[in-house]
file upload_1.txt (compact mmCIF, C-alpha atoms)
# COMPACT_ATOMS: atom_id res chain seq x y z
CA MET A 1 90.11 106.55 115.25
CA ASP A 2 87.47 104.05 116.34
CA LEU A 3 87.81 101.14 113.93
CA LYS A 4 84.39 99.75 114.88
CA GLU A 5 82.77 102.82 113.33
CA ILE A 6 84.82 102.66 110.11
CA VAL A 7 85.27 99.01 109.23
CA THR A 8 82.39 97.11 107.67
CA THR A 9 82.58 93.38 108.09
CA GLU A 10 81.76 91.33 105.04
CA LEU A 11 82.75 87.90 103.91
CA ASN A 12 84.33 87.80 100.46
CA VAL A 13 85.21 84.34 99.17
CA GLU A 14 87.65 84.36 96.28
CA GLY A 15 88.42 81.43 94.04
CA TYR A 16 88.08 79.52 90.83
CA PRO A 17 84.47 78.43 90.22
CA ASP A 18 84.88 74.68 90.06
CA GLU A 19 82.28 72.29 91.50
CA ARG A 20 83.88 72.26 94.97
CA PHE A 21 83.94 76.07 95.10
CA ILE A 22 80.32 76.42 93.97
CA ASP A 23 79.28 73.87 96.61
CA LEU A 24 81.08 75.89 99.30
CA ILE A 25 79.38 79.11 98.17
CA SER A 26 75.95 77.43 98.20
CA LYS A 27 76.47 76.54 101.86
CA VAL A 28 78.26 79.65 103.15
CA LYS A 29 76.43 82.28 101.05
CA PRO A 30 79.03 85.03 101.54
CA HIS A 31 78.29 88.71 100.92
CA GLN A 32 80.60 88.71 97.92
CA VAL A 33 82.21 86.13 95.67
CA THR A 34 85.25 87.11 93.63
CA LEU A 35 85.89 84.84 90.69
CA VAL A 36 89.52 84.29 89.71
CA PRO A 37 90.66 82.33 86.64
CA ASP A 38 93.37 80.41 88.47
CA PRO A 39 93.09 76.67 88.98
CA PRO A 40 92.48 75.61 92.60
CA ASP A 41 96.10 74.49 93.06
CA ALA A 42 97.58 77.91 92.13
CA LEU A 43 99.35 79.70 94.96
CA THR A 44 98.13 83.16 93.93
CA SER A 45 96.54 84.97 91.02
CA ASN A 46 98.70 86.16 88.15
CA SER A 47 96.08 87.42 85.71
CA GLY A 48 92.43 88.28 85.38
CA TRP A 49 89.68 86.67 83.31
CA ASP A 50 89.58 86.96 79.54
CA THR A 51 85.93 88.00 79.47
CA VAL A 52 85.85 87.83 75.68
CA LYS A 53 86.72 84.12 75.55
CA GLU A 54 85.08 83.13 78.86
CA LYS A 55 81.90 85.25 78.70
CA ASN A 56 79.44 82.36 78.31
CA PHE A 57 81.09 80.33 81.06
CA LEU A 58 80.99 83.35 83.37
CA ILE A 59 77.35 84.14 82.56
CA ASP A 60 76.32 80.71 83.85
CA ILE A 61 78.49 80.92 86.98
CA VAL A 62 77.52 84.50 87.85
CA GLY A 63 73.82 83.63 87.52
CA GLN A 64 74.20 80.66 89.82
CA LEU A 65 76.10 82.65 92.46
CA LYS A 66 73.65 85.54 92.36
CA ALA A 67 70.83 83.05 92.91
CA TYR A 68 72.52 82.31 96.26
CA GLY A 69 72.19 86.01 97.13
CA CYS A 70 75.87 86.86 96.64
CA ARG A 71 77.33 89.99 95.11
CA VAL A 72 79.65 88.79 92.35
CA SER A 73 82.97 90.32 91.32
CA ILE A 74 85.14 89.19 88.42
CA PHE A 75 88.92 89.49 88.69
CA LEU A 76 90.07 91.45 85.65
CA ASN A 77 93.24 92.86 84.14
CA ALA A 78 93.22 96.63 83.72
CA GLU A 79 92.17 96.51 80.07
CA PRO A 80 89.11 98.62 79.24
CA TYR A 81 88.00 96.40 76.35
CA LEU A 82 87.29 93.56 78.83
CA VAL A 83 84.72 95.57 80.81
CA GLU A 84 81.79 95.35 78.39
CA ASN A 85 81.92 91.54 78.38
CA ALA A 86 82.33 91.50 82.16
CA ALA A 87 79.15 93.58 82.44
CA ALA A 88 77.39 91.19 80.05
CA THR A 89 77.95 88.33 82.52
CA GLY A 90 75.63 90.00 85.03
CA CYS A 91 78.34 90.53 87.64
CA ASP A 92 78.04 93.42 90.09
CA ARG A 93 81.70 94.43 90.26
CA ILE A 94 85.10 93.88 88.79
CA GLU A 95 88.28 93.57 90.82
CA LEU A 96 91.31 94.96 89.03
CA TYR A 97 94.48 92.88 89.17
CA THR A 98 96.99 95.46 90.46
CA GLU A 99 100.29 93.58 90.35
CA PRO A 100 101.52 95.37 87.19
CA TYR A 101 100.96 98.73 88.90
CA ALA A 102 102.57 97.59 92.16
CA ALA A 103 105.60 96.11 90.40
CA HIS A 104 106.36 99.43 88.68
CA TYR A 105 105.23 101.81 91.41
CA HIS A 106 108.73 103.02 92.32
CA THR A 107 109.94 103.42 88.73
CA SER A 108 106.99 104.49 86.55
CA LYS A 109 103.77 104.74 88.54
CA GLU A 110 102.33 107.47 86.30
CA GLU A 111 102.55 105.22 83.25
CA TYR A 112 101.27 102.10 84.99
CA ILE A 113 98.29 103.78 86.67
CA LYS A 114 96.79 104.88 83.32
CA PRO A 115 95.13 101.59 82.32
CA PHE A 116 93.57 101.36 85.77
CA ILE A 117 92.06 104.82 85.43
CA GLU A 118 90.75 104.00 81.94
CA THR A 119 89.28 100.68 83.08
CA ALA A 120 87.65 102.32 86.11
CA ILE A 121 85.98 104.89 83.87
CA GLU A 122 84.77 102.12 81.56
CA ALA A 123 83.39 100.14 84.53
CA GLU A 124 81.42 103.20 85.66
CA LYS A 125 79.90 103.51 82.15
CA PHE A 126 78.58 99.95 82.46
CA GLY A 127 77.35 100.37 86.04
CA LEU A 128 79.92 98.05 87.57
CA GLY A 129 81.37 98.60 91.01
CA LEU A 130 85.14 98.68 91.24
CA ASN A 131 87.40 96.70 93.54
CA ALA A 132 91.16 96.27 93.28
CA GLY A 133 93.78 93.99 94.70
CA HIS A 134 97.10 92.21 94.46
CA ASP A 135 100.35 93.57 95.88
CA LEU A 136 98.79 96.75 97.20
CA ASN A 137 100.55 97.93 100.35
CA LEU A 138 101.23 100.96 102.55
CA ASP A 139 103.66 102.38 99.97
CA ASN A 140 101.48 102.24 96.86
CA LEU A 141 97.89 102.26 98.13
CA GLN A 142 97.33 105.98 98.66
CA TYR A 143 98.52 106.94 95.16
CA PHE A 144 96.34 104.23 93.62
CA LYS A 145 93.28 105.36 95.57
CA SER A 146 93.87 109.03 94.74
CA ARG A 147 94.12 108.39 90.98
CA VAL A 148 91.65 105.59 90.25
CA PRO A 149 88.06 106.86 90.31
CA HIS A 150 85.04 105.02 91.70
CA LEU A 151 87.09 102.61 93.84
CA LEU A 152 84.82 100.86 96.36
CA GLU A 153 87.02 98.22 97.92
CA VAL A 154 90.59 96.95 98.03
CA SER A 155 91.77 93.45 98.83
CA ILE A 156 94.96 93.49 100.83
CA GLY A 157 96.08 90.28 102.42
CA HIS A 158 99.75 89.44 102.47
CA ALA A 159 101.05 92.99 103.03
CA LEU A 160 98.53 93.68 105.79
CA VAL A 161 99.45 90.51 107.66
CA CYS A 162 103.18 91.25 107.33
CA ASP A 163 102.69 94.83 108.53
CA ALA A 164 100.59 93.60 111.44
CA LEU A 165 103.53 91.52 112.66
CA TYR A 166 105.50 94.74 113.11
CA TYR A 167 102.84 97.30 114.01
CA GLY A 168 100.06 95.21 115.55
CA LEU A 169 96.76 94.46 113.84
CA GLU A 170 94.75 97.44 115.07
CA ASN A 171 97.53 99.91 114.24
CA THR A 172 98.01 98.35 110.82
CA ILE A 173 94.33 98.53 109.95
CA GLY A 174 94.34 102.17 111.03
CA MET A 175 97.36 102.84 108.82
CA TYR A 176 95.65 101.31 105.78
CA LEU A 177 92.42 103.17 106.46
CA ARG A 178 94.28 106.49 106.60
CA LYS A 179 95.80 105.72 103.18
CA LEU A 180 92.28 105.21 101.81
CA LYS A 181 90.81 108.47 103.13
CA ASP A 182 89.92 110.94 100.41

call {"tool": "encode", "arguments": {"input": "upload_1.txt", "output": "structure tokens"}}
result
Amino acid sequence: MDLKEIVTTELNVEGYPDERFIDLISKVKPHQVTLVPDPPDALTSNSGWDTVKEKNFLIDIVGQLKAYGCRVSIFLNAEPYLVENAAATGCDRIELYTEPYAAHYHTSKEEYIKPFIETAIEAEKFGLGLNAGHDLNLDNLQYFKSRVPHLLEVSIGHALVCDALYYGLENTIGMYLRKLKD
């Protein structure tokens, strides 16, 4: 497998859209910006946006980021009712928060994959691209990819880095790519 032919390089900047973050985006102009509802001092995400309560705030932020030429993704819990308001913000994609699935993968994956499937179908209805991320790894990725329709991209950080320490970076990337093949 020649990774240069398979891997597309894009810069995705993920964070809470405070003034400092927006200033960074205006200078860097990444391919994609993923908005997370966590304050800047949070170690990691633990939930997605409530697009019902935060719709107007997100509309303003998404418009500003798109004016910089960025594709915008909103981090979202796997709850179909949130998708319509996410779409109303003008974002291009949603990124599903996958920790609940990952936490129950070994005990009840069939039950915990259902809301992700339903949310993916709802996102497709509204013309939103679908990303996913948080606690995805070599054990649970292939099942997730095989069940959740319309998946465009996954964000895998911690697990990939840990696996790379054991298997090497190129081997690890190849292992993840094989899990994502249809």

call {"tool": "atom_distance", "arguments": {"input": "upload_1.txt", "atom1": "atom CA of Ser146 of chain A", "atom2": "atom CA of Pro37 of chain A"}}
result
28.1 Å

call {"tool": "atom_distance", "arguments": {"input": "upload_1.txt", "atom1": "atom CA of Thr119 of chain A", "atom2": "atom CA of Phe21 of chain A"}}
result
27.9 Å

call {"tool": "residues_around", "arguments": {"input": "upload_1.txt", "residues": "segment 57-60 of chain A", "least_positions_apart": "4", "cutoff": "10 Å", "atoms": "all atoms listed in the file", "output": "list in words"}}
result
Pro17, Leu35, Trp49, Thr51, Lys53, Gln64, Leu65, Ile74, Asn85, Ala86, Ala87, Ala88, Thr89, Gly90 and Cys91 of chain A

call {"tool": "closest_residue", "arguments": {"input": "upload_1.txt", "among": "A:Cys70, A:Ile117, A:Leu177, A:Leu169", "to": "Ala132 of chain A", "atoms": "all atoms listed in the file"}}
result
A:Ile117

call {"tool": "closest_residue", "arguments": {"input": "upload_1.txt", "among": "A:Gly129, A:Gly168, A:Gly69, A:Gly63", "to": "Val28 of chain A", "atoms": "all atoms listed in the file"}}
result
A:Gly69

call {"tool": "closest_residue", "arguments": {"input": "upload_1.txt", "among": "A:Leu130, A:Leu76, A:Val36, A:Val154", "to": "Arg93 of chain A", "atoms": "all atoms listed in the file"}}
result
A:Leu130

call {"tool": "closest_residue", "arguments": {"input": "upload_1.txt", "among": "A:Gln142, A:Ser45, A:Thr107, A:Ser26", "to": "Glu14 of chain A", "atoms": "all atoms listed in the file"}}
result
A:Ser45

call {"tool": "atom_distance", "arguments": {"input": "upload_1.txt", "atom1": "atom CA of Val161 of chain A", "atom2": "atom CA of His134 of chain A"}}
result
13.5 Å

call {"tool": "closest_residue", "arguments": {"input": "upload_1.txt", "among": "A:Lys125, A:Lys179, A:His158, A:Arg147", "to": "Glu111 of chain A", "atoms": "only C-alpha atoms"}}
result
A:Arg147

call {"tool": "closest_residue", "arguments": {"input": "upload_1.txt", "among": "A:Leu152, A:Tyr68, A:Leu141, A:Thr172", "to": "Leu24 of chain A", "atoms": "all atoms listed in the file"}}
result
A:Tyr68

call {"tool": "axis_aligned_box", "arguments": {"input": "upload_1.txt", "around": "segment 30-45 of chain A", "padding_each_side": "3 Å", "output": "AutoDock Vina command-line options"}}
result
--center_x 88.8 --center_y 81.6 --center_z 94.1 --size_x 27.1 --size_y 20.2 --size_z 20.9

call {"tool": "residues_around", "arguments": {"input": "upload_1.txt", "residues": "Asn137 of chain A", "least_positions_apart": "4", "cutoff": "8 Å", "atoms": "all atoms listed in the file", "output": "ChimeraX atom specification"}}
result
/A:141,156,159-160

call {"tool": "write_last_selection", "arguments": {"input": "upload_1.txt", "atoms": "C-alpha atoms", "output": "PDB file, keeping the file's coordinate frame"}}
result
ATOM      1  CA  LEU A 141      97.890 102.260  98.130  1.00  0.00           C
ATOM      2  CA  ILE A 156      94.960  93.490 100.830  1.00  0.00           C
ATOM      3  CA  ALA A 159     101.050  92.990 103.030  1.00  0.00           C
ATOM      4  CA  LEU A 160      98.530  93.680 105.790  1.00  0.00           C
TER       5      LEU A 160
END

call {"tool": "decode", "arguments": {"input": "upload_1.txt", "residues": "segment 52-74 of chain A", "atoms": "C-alpha atoms", "output": "PDB file, in the first residue's frame"}}
result
ATOM      1  CA  VAL A  52     -31.099  24.040  19.742  1.00  0.00           C
ATOM      2  CA  LYS A  53     -29.829  26.385  22.470  1.00  0.00           C
ATOM      3  CA  GLU A  54     -26.684  27.562  20.652  1.00  0.00           C
ATOM      4  CA  LYS A  55     -28.040  27.906  17.093  1.00  0.00           C
ATOM      5  CA  ASN A  56     -27.814  31.711  16.868  1.00  0.00           C
ATOM      6  CA  PHE A  57     -24.313  31.778  18.352  1.00  0.00           C
ATOM      7  CA  LEU A  58     -23.207  29.100  15.886  1.00  0.00           C
ATOM      8  CA  ILE A  59     -24.794  30.864  12.905  1.00  0.00           C
ATOM      9  CA  ASP A  60     -22.597  33.910  13.536  1.00  0.00           C
ATOM     10  CA  ILE A  61     -19.428  31.866  14.085  1.00  0.00           C
ATOM     11  CA  VAL A  62     -19.975  29.548  11.109  1.00  0.00           C
ATOM     12  CA  GLY A  63     -20.563  32.534   8.821  1.00  0.00           C
ATOM     13  CA  GLN A  64     -17.366  34.189   9.974  1.00  0.00           C
ATOM     14  CA  LEU A  65     -15.295  31.027   9.501  1.00  0.00           C
ATOM     15  CA  LYS A  66     -16.744  30.315   6.075  1.00  0.00           C
ATOM     16  CA  ALA A  67     -15.827  33.867   5.055  1.00  0.00           C
ATOM     17  CA  TYR A  68     -12.210  32.805   5.671  1.00  0.00           C
ATOM     18  CA  GLY A  69     -12.700  30.006   3.132  1.00  0.00           C
ATOM     19  CA  CYS A  70     -12.866  27.183   5.691  1.00  0.00           C
ATOM     20  CA  ARG A  71     -15.115  24.147   5.622  1.00  0.00           C
ATOM     21  CA  VAL A  72     -16.908  24.142   8.977  1.00  0.00           C
ATOM     22  CA  SER A  73     -17.868  21.113  11.053  1.00  0.00           C
ATOM     23  CA  ILE A  74     -19.832  21.171  14.294  1.00  0.00           C
TER      24      ILE A  74
END
